[in-house]
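Below is one structure, written out as structure tokens; the observations come after it.
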4 protein chains.
Amino acid sequence: MKNINICIIGGGSKQWALTLMKDLSLASDLSGLIRLYDIDQEAAILNEHLGNRIFLFGKDKPNFEVKAIDNPEKALAGADFVIISIEPGPIENRHTDLEIPKKYGILQTVGDTIGPGGIFRALRSIPVFREYARLIKKNCPDAWVINYTNPMTWCTNTLTREFPQVKVLGCCHEVFGTQKFIANKVSSWFDTETPPREEIKVDVFGVNHFTFLSGASWKGIDLFPYLKELAGDDNFYLDHTKESLRRIKEEKWFESDNLVAMEIMRIFGNLGAAGDRHLVEFMPWYLHDESFIHRYGVIATPYEWRVRRDKEKRTRFYEDKDLFPKASEEEGVAIIKALLGLGPLYTNVNVPNTGQIPWLPFGHIVETNAFITHNRITPAISSEGASSVKELISHVGFEQKLLLDSVFEENREGIFQAFLLDSLIRLSLSEARELFDIMWREQMLHY
Amino acid sequence: MKNINICIIGGGSKQWALTLMKDLSLASDLSGLIRLYDIDQEAAILNEHLGNRIFLFGKDKPNFEVKAIDNPEKALAGADFVIISIEPGPIENRHTDLEIPKKYGILQTVGDTIGPGGIFRALRSIPVFREYARLIKKNCPDAWVINYTNPMTWCTNTLTREFPQVKVLGCCHEVFGTQKFIANKVSSWFDTETPPREEIKVDVFGVNHFTFLSGASWKGIDLFPYLKELAGDDNFYLDHTKESLRRIKEEKWFESDNLVAMEIMRIFGNLGAAGDRHLVEFMPWYLHDESFIHRYGVIATPYEWRVRRDKEKRTRFYEDKDLFPKASEEEGVAIIKALLGLGPLYTNVNVPNTGQIPWLPFGHIVETNAFITHNRITPAISSEGASSVKELISHVGFEQKLLLDSVFEENREGIFQAFLLDSLIRLSLSEARELFDIMWREQMLHY
Amino acid sequence: MKNINICIIGGGSKQWALTLMKDLSLASDLSGLIRLYDIDQEAAILNEHLGNRIFLFGKDKPNFEVKAIDNPEKALAGADFVIISIEPGPIENRHTDLEIPKKYGILQTVGDTIGPGGIFRALRSIPVFREYARLIKKNCPDAWVINYTNPMTWCTNTLTREFPQVKVLGCCHEVFGTQKFIANKVSSWFDTETPPREEIKVDVFGVNHFTFLSGASWKGIDLFPYLKELAGDDNFYLDHTKESLRRIKEEKWFESDNLVAMEIMRIFGNLGAAGDRHLVEFMPWYLHDESFIHRYGVIATPYEWRVRRDKEKRTRFYEDKDLFPKASEEEGVAIIKALLGLGPLYTNVNVPNTGQIPWLPFGHIVETNAFITHNRITPAISSEGASSVKELISHVGFEQKLLLDSVFEENREGIFQAFLLDSLIRLSLSEARELFDIMWREQMLHY
Amino acid sequence: MKNINICIIGGGSKQWALTLMKDLSLASDLSGLIRLYDIDQEAAILNEHLGNRIFLFGKDKPNFEVKAIDNPEKALAGADFVIISIEPGPIENRHTDLEIPKKYGILQTVGDTIGPGGIFRALRSIPVFREYARLIKKNCPDAWVINYTNPMTWCTNTLTREFPQVKVLGCCHEVFGTQKFIANKVSSWFDTETPPREEIKVDVFGVNHFTFLSGASWKGIDLFPYLKELAGDDNFYLDHTKESLRRIKEEKWFESDNLVAMEIMRIFGNLGAAGDRHLVEFMPWYLHDESFIHRYGVIATPYEWRVRRDKEKRTRFYEDKDLFPKASEEEGVAIIKALLGLGPLYTNVNVPNTGQIPWLPFGHIVETNAFITHNRITPAISSEGASSVKELISHVGFEQKLLLDSVFEENREGIFQAFLLDSLIRLSLSEARELFDIMWREQMLHY
């Protein structure tokens with residue numbers, strides 16, 4: 001039984017914080033203290049209450065105690081693990097990210113990773129993450145930090161820039177969706193039960209949400225020939241507009257049919273390994289108008305829904321059944337266990353590049369497989385990616401690095417250059433300047 | 001008096017062949033034989049006649065004899081210099097390059113360097129240049145080859161791929177225009193006569209037609225502070241639509257006001273060093289519609305004019321005054337002299353990258369300054385370029401290399417990938433495929 | 001129960017072949033056929049006999065059948081695993097490797113990896129490995145090839161040069177010795193039982209026999225501070241001459257006190273991770289004379305012993321107790337199991353560089369940790385090595401690559417350059433040439 | 001007539017200062033002021049006197065005025081050119097460099113560039129050059145700095161580390177000697193007058209005193225086939241012991257027969273382009289004992305002569321004939337003129353690597369050809385060097401960079417690592433440590 005001390009930054013979050021606590025409740029070999037810190041103190045206090053209820057289900061004695069702490073330094077002091085899952089600023093900031101670019105004809109499906117929305121979300125997040133990096137350095141320099149916050153690459157990279165010794169990884173489940181997609185296909189290809197996604201071994205490379213597979217296998221069988229055949233079949237790409245319209249009606253924003261992921265494979269040779277709603281934001285060929293992406297089954301999450309959901313989460317009442325712990329599909333607890341030495345884990349993570357992607361800058365946060373063992377993350381070398389896919393990723397990597405460099409150097413022109421180089425910006429330079437300035441000003445209003 | 005043997009491939013050309021012969025006629029330290037080869041044999045015979053008239057002006061005895069030769073191997077045999085300036089296939093092929101993309105909303109100002117037009121022109125040119133590379137290897141392996149043909153990068157690179165030992169350089173006068181633009185500014189900045197363009201020392205880097213200056217000086221004075229100030233002045237960018245409309249009316253297709261070149265400098269820090277009509281074809285921010293580029297004074301050369309001019313040239317009658325030699329602004333003869341050891345020349349050339357641009361693939365044809373001395377071209381290292389400009393050029397370099405690799409490997413999918421990665425292609429992947437297939441088929445008709 | 005087909009090239013070997021068969025006999029989840037091929041057919045037939053006795057111990061039914069095959073293609077046909085452990089040419093060749101250089105003052109402790117001896121052993125081995133690569137390509141292209149033969153780097157690299165798709169790894173137990181050395185220290189540092197060497201987690205990097213640790217831990221405890229303290233203690237380096245003389249007398253050639261390994265750590269920061277007798281052959285600071293290396297406890301294995309032992313092995317009579325299977329310390333069978341999907345293995349292997357050591361040429365055979373899973377070897381990125389250690393390894397990598405390139409290009413001068421660049425060659429160029437020529441000629445006698 | 005302001009640091013030097021003033025006296029297009037600064041103020045005052053005499057020869061009016069200044073800041077204030085030619089510390093320091101290593105069996109021919117002597121001379125020089133870098137930055141940041149001081153690479157690199165914007169080049173005449181050697185051969189190969197050395201066009205690459213030619217031509221004729229033939233001729237390498245003994249007797253320390261330079265070419269393919277006495281100090285194959293190098297015509301300059309000559313120079317009386325200006329073979333004045341815009345110069349210089357040697361660290365001081373034009377030095381790309389020569393130079397580059405990094409980081413262990421990696425150090429590690437410590441202590445005595 002390992003006794004550990006966890007601090008959750010964004011501890012008032014209804015999504016990640018509750019999910020993690022449920023998974024921890026099921027971890028019979030772990031116990032300890034969970035401290036919740038949130039700038040919305042009330043939300044943290046509510047989560048303290050909910051968390052302590054979670055840890056009581058089916059147990060004589062809770063394995064974790066949950067406490068809301070109103071001071072970030074006290075919450076961090078001596079932590080073994082720090083989980084970060086925050087929203088930088090009020091939800092109204094998403095208006096800047098999504099609605100202003102829309103007026104200039106720029107459609108974004110998510111707008112939290114890349115594109116004008118992702119860039120401005122980064123501009124809001126970076127100062128916040130710098131501050132947390134300083135607090136971690138001061139209060140728990142040896143803690144493992146697990147970041148769930150988007151834009152993943154920029155947020156995680158801010159931590160390593162500000163505090164280079166930080167032990168950090170960024171976690172994202174997008175690749176799991178790709179594994180499940182393949183697992184389903186395996187079931188039909190080999191006339192078998194759908195295997196669990198973990199059985200689909202994948203070679204992941206890229207930057208978060210713009211990840212690709214250069215290989216995939218199941219029980220030692222190379223699946224790429226099967227995937228390539230499927231990717232070459234016109235029937236796979238039938239018009240998904242109806243499906244899209246249904247999704248919009250049902251507010252199913254997060255589904256993916258992987259038509260974009262597979263089309264990239266058809267042409268360039270590597271399978272996109274994130275939901276299509278993410279992939280399309282990194283390339284100039286998709287986000288022309290809503291009806292066009294609907295053909296791929298891709299829909300944009302609307303700003304008004306985000307605002308509405310945010311409000312709902314704040315006012316929701318939690319019944320017992322909402323708190324009853326059942327295993328999520330997230331890997332946070334599995335990662336914590338692996339880092340504690342309770343068995344190795346091989347999965348995809350976002351960590352600084354030390355050579356796992358030799359053609360991206362060293363130090364850049366990249367997503368590949370890694371081996372997680374006692375107090376150690378060892379990135380794995382992927383098989384060789386397709387040259388054009390590498391070029392696409394390199395361009396994104398350049399944009400990401402330029403933005404981060406420019407923020408640290410307080411160079412606004414560099415930030416604008418990064419904005420211009422984004423593949424969703426196809427405005428004239430003067431229109432781009434105008435859009436940039438308006439977003440900048442509106443964003444300031446909420447600070 | 002150096003006696004040399006020059007072979008002009010495309011010797012029937014009215015433009016380059018006559019210009020070169022006039023410059024040679026003025027070169028009192030050179031003499032010898034000029035052999036003209038052209039697949040349009042009649043045009044070569046006419047140029048033999050015109051050429052021999054040129055060499056008689058103002059002389060007792062012509063310094064060169066001109067002969068049309070109807071066999072390329074005989075024309076090349078033992079040549080000291082080979083000049084290549086050809087049109088690959090009939091002018092009607094330009095319909096494929098320019099008019100088909102236009103139907104898909106893709107505007108091109110020139111369409112012979114990059115973009116769908118440049119790519120298909122390359123696809124026609126590469127087999128022709130491979131054949132000439134083989135003939136040069138066989139008939140005059142020690143000759144210096146001076147290429148004037150566009151797309152410059154692809155054509156020149158084809159020669160070095162097919163015959164790695166070839167002594168080749170590609171010549172282009174676009175940078176001269178930038179020097180003249182600066183020279184004019186120097187005149188007003190320093191209240192002096194406009195200096196000759198050679199006095200404007202420039203640090204050139206890039207690939208042909210997408211070249212930039214990382215520095216410029218006149219008589220040891222650093223001109224970049226002056227240029228940056230001008231680039232930052234809103235008055236420089238006043239609407240040039242009227243000017244554009246006048247140019248269209250007067251069929252002045254080749255003029256440039258350098259608004260694009262300077263806007264790039266304003267934002268990214270390096271001055272564009274080719275005419276604006278070339279620069280805009282490499283970036284996603286300009287070629288949205290004709291009215292937009294007219295604001296920059298940029299106009300597109302229409303297909304119908306190209307066809308009309310081609311016809312006119314074929315039927316034109318040359319009077320004495322058309323043939324009277326006066327020095328052109330081209331550097332071909334100066335380069336020939338420098339290579340013969342008649343004094344060094346420092347100018348910009350297109351040659352294989354041996355490190356002059358360390359962030360582009362070695363072997364790629366790049367444009368930088370070089371020192372031309374006896375039988376030798378030594379590229380010069382430029383001062384450091386701006387990082388975003390380097391990223392833009394890198395992307396173009398990747399596209400160019402991928403296309404050339406794919407043609408040599410007979411990999412049509414690789415060619416299509418290069419097409420997709422072009423910054424003018426912002427179609428959906430299925431539309432892009434359709435356009436590519438239509439261009440491919442139409443082009444075949446003319447072979 | 002996995003049924004597999006193993007081919008042992010060098011199947012007449014008394015050392016590796018018998019050890020492997022004993023380990024296979026203990027593997028209750030494996031069964032199948034072992035085919036032995038050896039140019040010494042008699043030895044293979046004897047091993048067939050011994051092998052079949054091994055597989056009978058303690059079982060009703062042997063899990064493997066052993067057959068000597070007199071034709072390499074038949075032995076390889078359809079193999080799942082190929083084990084290579086051979087001696088290239090008669091033992092008398094070692095006279096060339098060891099005794100001739102000695103006449104020029106060049107002392108070698110092993111002479112099979114690097115130095116003049118290693119180089120000439122490579123020159124004999126490369127043609128043999130090229131032939132086996134061709135046979136594997138033809139007869140069992142999907143087999144996993146496990147190479148035990150020295151010089152490991154050159155032999156394994158020959159396979160990948162000749163047949164790039166070959167699935168190969170090189171296995172070496174030198175790092176295990178370093179793990180045991182550390183495990184012993186752990187016992188005293190933490191007042192505990194000596195842990196099994198597998199519990200000592202090490203970050204390995206380098207080329208075979210010139211490997212280093214950039215990190216080591218036990219149960220999550222960083223051991224480098226402890227190792228560095230020990231390395232800085234003068235008492236660790238007391239004169240080991242007596243120990244050396246005893247070893248010579250007792251013919252204990254393979255022991256190591258790790259004084260050299262630790263001295264390198266003291267000065268350069270990374271622990272040498274091979275026996276001292278190997279390490280000293282890669283650096284110019286040790287092999288001055290026998291008495292000097294004796295101070296480090298390092299002794300040279302004499303040529304006459306090698307000849308004598310070779311003879312003894314051929315004539316040895318094997319009793320039951322010699323054949324009774326007990327687990328060796330080798331990892332061959334564990335690797336076979338991991339590649340069959342019977343659980344992952346994390347260990348150090350020699351495989352082509354795909355980025356695990358970004359500062360060595362890609363494709364070069366390097367030694368690092370790797371994850372061995374179903375039909376897959378994924379190299380792990382090490383933590384950053386010390387810069388001077390990287391420089392030392394880089395130099396060796398250059399020498400190794402130059403030699404291999406030169407052999408494949410049949411460029412004898414390149415081979416001589418590699419010889420000159422070896423750190424044991426400090427002769428004048430003319431003496432070096434003389435030595436090289438004599439070794440070359442003498443070696444030819446035995447072909 | 002250009003009016004310029006020159007400051008000579010080390011202005012009391014009898015060698016460089018007087019030579020430069022003579023050359024300046026002959027420069028009819030230059031005039032101005034020369035300020036001499038020297039820590040030996042008396043020597044500077046004497047040189048003021050001698051200098052003013054020099055400028056009077058054959059003129060009505062001296063073109064330069066010479067003034068000794070006793071304060072370095074006043075000497076530097078507003079200088080257009082700064083010449084640095086100094087001896088760091090008293091001549092007795094050379095005892096440390098040369099005599100102490102000799103006791104450990106380490107023979108050095110020069111001992112001022114590399115090897116233990118060069119390293120310790122660097123350790124004395126770096127603090128001095130840091131101080132001058134700061135003074136230049138403060139008093140004349142736009143001045144061109146021409147460094148003549150050895151160790152050239154380290155001294156020049158110190159200036160650029162301390163003051164990155166410094167406009168500096170290092171000048172060395174060793175390559176001129178190689179040009180003269182070739183010019184003499186040209187005379188016999190082509191039965192012509194010996195051409196001036198400038199007519200021998202050479203492709204230089206490397207670090208100062210360890211420079212090589214990858215090509216050479218005369219009037220467009222490739223000389224490498226001729227040089228290679230000569231290098232392959234055994235007669236070229238006849239025993240030069242007699243010659244060496246004569247040189248020792250006559251105290252002709254600086255002559256070179258280029259046997260080493262040519263032997264390197266014979267084996268590795270590139271001609272050594274520095275005097276043999278320098279080349280041998282960079283490689284492990286020559287400096288075994290005096291009699292061995294005598295066979296190559298190479299002799300070591302003895303410490304006692306250096307001390308004696310130092311004393312002689314201080315007490316020498318200068319007659320008119322010693323001061324009468326005649327053109328030296330140095331290029332300092334030609335470089336000054338070129339930088340002033342009085343015509344371009346193409347020659348070899350030591351400047352920071354910006355890509356002219358892409359396989360050495362950027363920023364390292366390297367020696368290649370460059371074009372010197374108005375206020376600008378543009379390095380030229382050499383033709384490709386031989387791979388083994390590149391490896392040898394890379395190793396030296398690593399040692400040089402490590403030492404400089406370590407001095408700037410005040411990391412004595414890093415300095416010792418650099419010392420160990422020097423190719424002249426083949427001691428055991430403990431002896432090497434002892435030697436290092438003794439040199440360190442003795443050197444301190446003279447500070």
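How things are named: the first chain in the structure tokens is A, the next is B, and so on; residues count from 1 in each chain; ligands count from 1 in the order shown.
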Could you pull out the residues in region 44-242 of chain A that DSSP calls strand (DSSP E) from the backbone, as a ChimeraX atom specification? /A:64-68,81-84,144-147,167-170,200-207,210-218,221-222
Got a sec: who's within 10 Å of Glu330 (chain D), counting only C-alpha atoms, leaving out chain neighbours fewer than 2 positions off, as a ChimeraX atom specification? /D:16,19-20,23,171-173,176,327-328,332-335
Could you list, as JSON, numbers by chain, every residue within 10 Å of Asp38 (chain C), counting only C-alpha atoms and ignoring same-chain residues fewer than 6 positions away? {"C": [8, 9, 10, 11, 12, 13, 44, 45, 68, 69, 70, 71, 72, 75, 85, 86]}
Please, which residues in chain A fall within 10 Å of chain C when counting only C-alpha atoms, and what is the closest atom pair and distance in Å to one decimal for each, ordered by chain then residue number, as CSV?
```
residue,atom,partner,partner_atom,distance
A:Lys201,CA,C:His374,CA,9.6
A:Asp203,CA,C:Thr378,CA,9.8
A:Ser217,CA,C:His374,CA,9.3
A:Trp218,CA,C:His374,CA,9.1
A:Lys219,CA,C:His374,CA,7.0
A:Gly220,CA,C:His374,CA,5.4
A:Ile221,CA,C:Asn375,CA,8.7
A:Asp222,CA,C:Asn375,CA,9.7
A:Leu339,CA,C:Gly220,CA,8.9
A:Leu340,CA,C:Gly220,CA,8.1
A:Gly341,CA,C:Gly220,CA,7.3
A:Pro344,CA,C:Pro344,CA,9.7
A:Tyr346,CA,C:Phe371,CA,9.5
A:Asn353,CA,C:Ile381,CA,9.9
A:Thr354,CA,C:Ile381,CA,7.2
A:Gly355,CA,C:Gly355,CA,6.2
A:Gln356,CA,C:Ile381,CA,6.8
A:Ile357,CA,C:Gly355,CA,7.9
A:Pro358,CA,C:Gly355,CA,6.5
A:Trp359,CA,C:Gly355,CA,9.8
A:Asn369,CA,C:Thr378,CA,9.9
A:Ala370,CA,C:Ala380,CA,8.2
A:Phe371,CA,C:Ala380,CA,8.2
A:Thr373,CA,C:Gly220,CA,8.8
A:His374,CA,C:Gly220,CA,5.4
A:Asn375,CA,C:Gly220,CA,5.7
A:Arg376,CA,C:Gly220,CA,8.1
A:Ile377,CA,C:Ile381,CA,9.8
A:Thr378,CA,C:Ala380,CA,6.2
A:Pro379,CA,C:Ile381,CA,5.9
A:Ala380,CA,C:Ala380,CA,4.8
A:Ile381,CA,C:Pro379,CA,5.9
A:Ser382,CA,C:Thr378,CA,7.4
A:Ser383,CA,C:Thr354,CA,8.1
A:Glu384,CA,C:Thr354,CA,8.3
```
Go through region 190-436 of chain B and collect every residue that DSSP, computed from the backbone, puts in helix (DSSP H, G or I); the answer should be as a PyMOL selection string. chain B and resi 197-199+224-231+234-237+241-250+259-268+276-282+290-294+303-315+320-323+332-339+387-408+412-421+429-436
Could you produce a table of the residues of region 55-142 of chain D lying within 8 Å of region 153-169 of chain D, with the nearest pair of atoms per residue and their separation in Å rounded to one decimal, using only C-alpha atoms, ordered by chain and increasing residue number, as JSON lines?
```
{"residue": "D:Ala122", "atom": "CA", "partner": "D:Trp154", "partner_atom": "CA", "distance": 6.4}
{"residue": "D:Ser125", "atom": "CA", "partner": "D:Cys155", "partner_atom": "CA", "distance": 6.7}
{"residue": "D:Ile126", "atom": "CA", "partner": "D:Thr158", "partner_atom": "CA", "distance": 6.2}
{"residue": "D:Phe129", "atom": "CA", "partner": "D:Leu159", "partner_atom": "CA", "distance": 6.2}
{"residue": "D:Arg130", "atom": "CA", "partner": "D:Glu162", "partner_atom": "CA", "distance": 5.9}
{"residue": "D:Tyr132", "atom": "CA", "partner": "D:Leu159", "partner_atom": "CA", "distance": 7.7}
{"residue": "D:Ala133", "atom": "CA", "partner": "D:Leu159", "partner_atom": "CA", "distance": 5.2}
{"residue": "D:Arg134", "atom": "CA", "partner": "D:Phe163", "partner_atom": "CA", "distance": 6.9}
{"residue": "D:Lys137", "atom": "CA", "partner": "D:Phe163", "partner_atom": "CA", "distance": 6.7}
{"residue": "D:Pro141", "atom": "CA", "partner": "D:Val166", "partner_atom": "CA", "distance": 6.7}
{"residue": "D:Asp142", "atom": "CA", "partner": "D:Lys167", "partner_atom": "CA", "distance": 7.1}
```
Expressed in Å, the length from CA of His395 (chain C) to CA of His364 (chain A) is 28.7 Å
Spatial neighbours of Glu367 (chain A), 6 Å, only C-alpha atoms, chain gap at least 6 places, as a PyMOL selection string: chain A and resi 205-208+349-350
Could you list, as a PDB file with N, CA and C atoms, in the first residue's frame, every residue within 12 Å of Glu229 (chain A), counting only C-alpha atoms and ignoring same-chain residues fewer than 2 positions away?
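What follows is the written file around_30.pdb:
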```
ATOM      1  N   LYS A 185     -12.043  -2.621 -36.118  1.00  0.00           N
ATOM      2  CA  LYS A 185     -11.731  -3.172 -37.435  1.00  0.00           C
ATOM      3  C   LYS A 185     -11.115  -4.565 -37.284  1.00  0.00           C
ATOM      4  N   TRP A 189     -11.902  -7.868 -39.330  1.00  0.00           N
ATOM      5  CA  TRP A 189     -10.869  -8.466 -40.195  1.00  0.00           C
ATOM      6  C   TRP A 189     -10.573  -9.913 -39.799  1.00  0.00           C
ATOM      7  N   LEU A 223      -0.832  -4.515 -38.821  1.00  0.00           N
ATOM      8  CA  LEU A 223      -2.167  -4.105 -39.280  1.00  0.00           C
ATOM      9  C   LEU A 223      -2.124  -3.068 -40.393  1.00  0.00           C
ATOM     10  N   PHE A 224      -0.924  -2.549 -40.701  1.00  0.00           N
ATOM     11  CA  PHE A 224      -0.887  -1.487 -41.693  1.00  0.00           C
ATOM     12  C   PHE A 224      -1.398  -1.914 -43.074  1.00  0.00           C
ATOM     13  N   PRO A 225      -1.060  -3.118 -43.539  1.00  0.00           N
ATOM     14  CA  PRO A 225      -1.632  -3.516 -44.842  1.00  0.00           C
ATOM     15  C   PRO A 225      -3.166  -3.505 -44.821  1.00  0.00           C
ATOM     16  N   TYR A 226      -3.774  -3.920 -43.729  1.00  0.00           N
ATOM     17  CA  TYR A 226      -5.231  -3.913 -43.630  1.00  0.00           C
ATOM     18  C   TYR A 226      -5.757  -2.483 -43.619  1.00  0.00           C
ATOM     19  N   LEU A 227      -5.110  -1.641 -42.816  1.00  0.00           N
ATOM     20  CA  LEU A 227      -5.547  -0.249 -42.725  1.00  0.00           C
ATOM     21  C   LEU A 227      -5.378   0.468 -44.066  1.00  0.00           C
ATOM     22  N   ALA A 231      -8.151   2.257 -46.209  1.00  0.00           N
ATOM     23  CA  ALA A 231      -7.993   3.683 -46.532  1.00  0.00           C
ATOM     24  C   ALA A 231      -8.118   3.920 -48.036  1.00  0.00           C
ATOM     25  N   GLY A 232      -7.832   2.912 -48.819  1.00  0.00           N
ATOM     26  CA  GLY A 232      -7.892   3.052 -50.272  1.00  0.00           C
ATOM     27  C   GLY A 232      -9.279   2.762 -50.843  1.00  0.00           C
ATOM     28  N   ASP A 233     -10.213   2.422 -49.979  1.00  0.00           N
ATOM     29  CA  ASP A 233     -11.546   2.025 -50.436  1.00  0.00           C
ATOM     30  C   ASP A 233     -12.471   3.248 -50.444  1.00  0.00           C
ATOM     31  N   ASP A 234     -12.943   3.635 -51.630  1.00  0.00           N
ATOM     32  CA  ASP A 234     -13.812   4.814 -51.737  1.00  0.00           C
ATOM     33  C   ASP A 234     -15.048   4.703 -50.843  1.00  0.00           C
ATOM     34  N   ASN A 235     -15.509   3.498 -50.614  1.00  0.00           N
ATOM     35  CA  ASN A 235     -16.722   3.337 -49.809  1.00  0.00           C
ATOM     36  C   ASN A 235     -16.554   3.813 -48.373  1.00  0.00           C
ATOM     37  N   PHE A 236     -15.313   3.861 -47.940  1.00  0.00           N
ATOM     38  CA  PHE A 236     -15.090   4.324 -46.573  1.00  0.00           C
ATOM     39  C   PHE A 236     -15.451   5.800 -46.422  1.00  0.00           C
ATOM     40  N   MET A 262      -8.124   8.697 -41.940  1.00  0.00           N
ATOM     41  CA  MET A 262      -7.852   7.682 -42.957  1.00  0.00           C
ATOM     42  C   MET A 262      -7.508   8.301 -44.307  1.00  0.00           C
ATOM     43  N   GLU A 263      -8.108   9.436 -44.617  1.00  0.00           N
ATOM     44  CA  GLU A 263      -7.768  10.093 -45.883  1.00  0.00           C
ATOM     45  C   GLU A 263      -6.297  10.522 -45.878  1.00  0.00           C
ATOM     46  N   MET A 265      -4.005   8.987 -44.285  1.00  0.00           N
ATOM     47  CA  MET A 265      -3.251   7.757 -44.498  1.00  0.00           C
ATOM     48  C   MET A 265      -3.237   7.375 -45.982  1.00  0.00           C
ATOM     49  N   ARG A 266      -4.396   7.500 -46.606  1.00  0.00           N
ATOM     50  CA  ARG A 266      -4.496   7.146 -48.027  1.00  0.00           C
ATOM     51  C   ARG A 266      -3.463   7.914 -48.850  1.00  0.00           C
ATOM     52  N   GLY A 269       0.289   8.199 -46.096  1.00  0.00           N
ATOM     53  CA  GLY A 269       0.881   6.947 -45.637  1.00  0.00           C
ATOM     54  C   GLY A 269       0.841   6.695 -44.138  1.00  0.00           C
TER      55      GLY A 269
END
```
Rank nothing, just name the residue among C:Leu238, C:Ala432, C:Ala386, C:Leu287 nearest to Phe268 (chain C), using only C-alpha atoms.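 Of all the options, C:Ala386 lies closest to Phe268 (chain C).
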Hey, what's within 10 Å of Asp405 (chain C) if we count only C-alpha atoms and toss same-chain stuff fewer than 4 positions away? As a list in words, please?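 Near Asp405 (chain C), the qualifying residues are Thr158, Arg161, Glu399, Gln400, Lys401, Glu409, Glu410, Asn411, Gly414 and Ile415 of chain C.
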